[in-house]
Amino acid sequence: MRCFSKLLTVFIIGGLCYGLLEVAVRGYTFISMGIIGGICMVVVHLLNDERRNRLSLISVMTISSAFILSAELLSGEILNRTFNLHIWSYEDQPLNIDGQICIWYAVIWFAVSLLAVIVDEWIRLKILREPNMPIFIRKTKLTKA
């Protein structure tokens with residue numbers, strides 16, 4: 001039960017943070033974006049566990065931005081194309097795929113991934129009461145010779 005409540009906390013905070021980010025940038029958001037943002041935050045949280053063990057920060061950012069981009073494409077195809085909700089469109093952006101993702105936002109998601117790792121560390125420290133792990137340091141295992 002502890003694992004579920006932990007992931008639910010991360011999901012809710014991630015969804016709220018992404019919704020607030022969208023409102024700050026675009027002036028509005030949709031509930032579906034909060035749900036997708038929450039899912040993406042859970043993935044960042046799980047990847048951040050791996051960063052604490054063996055992955056580099058750049059690897060976490062690369063994998064999480066690829067996941068976010070994939071989630072954006074999948075949700076865009078469903079919400080924008082299938083249900084015609086017109087939540088976003090990148091049709092006027094260069095190097096877009098079906099107007100749902102574009103190269104510029106791939107770069108943005110990479111930067112947002114760093115912010116998500118920082119938010120995850122804050123959640124772990126302040127809400128979940130876990131030990132803090134410096135963002136730019138990877139834990140190394142010490143071995144005896």
# chains A, B, ... in the order shown; residues from 1 in each chain; ligands from 1

call {"tool": "residues_around", "arguments": {"residues": "Ser32 of chain A", "least_positions_apart": "4", "cutoff": "10 Å", "atoms": "only C-alpha atoms", "output": "number ranges by chain"}}
result
A: 15, 19, 36-38, 75, 79, 87

call {"tool": "closest_residue", "arguments": {"among": "A:Leu85, A:Leu74, A:Met133, A:Ile118", "to": "Ile97 of chain A", "atoms": "only C-alpha atoms"}}
result
A:Leu74

call {"tool": "residues_around", "arguments": {"residues": "Ile58 of chain A", "least_positions_apart": "6", "cutoff": "12 Å", "atoms": "only C-alpha atoms", "output": "VMD selection string"}}
result
chain A and resid 47 to 48 51 64 to 65 110 to 111 113 to 114 117 135 to 138

call {"tool": "residues_around", "arguments": {"residues": "Gly14 of chain A", "least_positions_apart": "5", "cutoff": "12 Å", "atoms": "only C-alpha atoms", "output": "VMD selection string"}}
result
chain A and resid 7 to 9 19 to 21 33 to 45 112 to 113 115 to 120 122 to 123

call {"tool": "select_by_dssp", "arguments": {"residues": "segment 81-121 of chain A", "states": "strand (DSSP E)", "output": "list of chain:residue names"}}
result
A:Asn96, A:Ile97, A:Ile101, A:Cys102

call {"tool": "atom_distance", "arguments": {"atom1": "atom CA of Ile127 of chain A", "atom2": "atom CA of Leu16 of chain A"}}
result
15.2 Å

call {"tool": "select_by_dssp", "arguments": {"residues": "segment 44-129 of chain A", "states": "alpha helix (DSSP H)", "output": "ChimeraX atom specification"}}
result
/A:44-53,57-75,103-122

call {"tool": "atom_distance", "arguments": {"atom1": "atom CA of Ile13 of chain A", "atom2": "atom CA of Thr29 of chain A"}}
result
15.5 Å

call {"tool": "atom_distance", "arguments": {"atom1": "atom CA of Phe30 of chain A", "atom2": "atom CA of Cys3 of chain A"}}
result
27.7 Å

call {"tool": "residues_around", "arguments": {"residues": "Asp92 of chain A", "least_positions_apart": "5", "cutoff": "12 Å", "atoms": "only C-alpha atoms", "output": "PyMOL selection string"}}
result
chain A and resi 97-102+104

call {"tool": "closest_residue", "arguments": {"among": "A:Leu69, A:Ile78, A:Leu57, A:Leu46", "to": "Pro134 of chain A", "atoms": "only C-alpha atoms"}}
result
A:Leu57
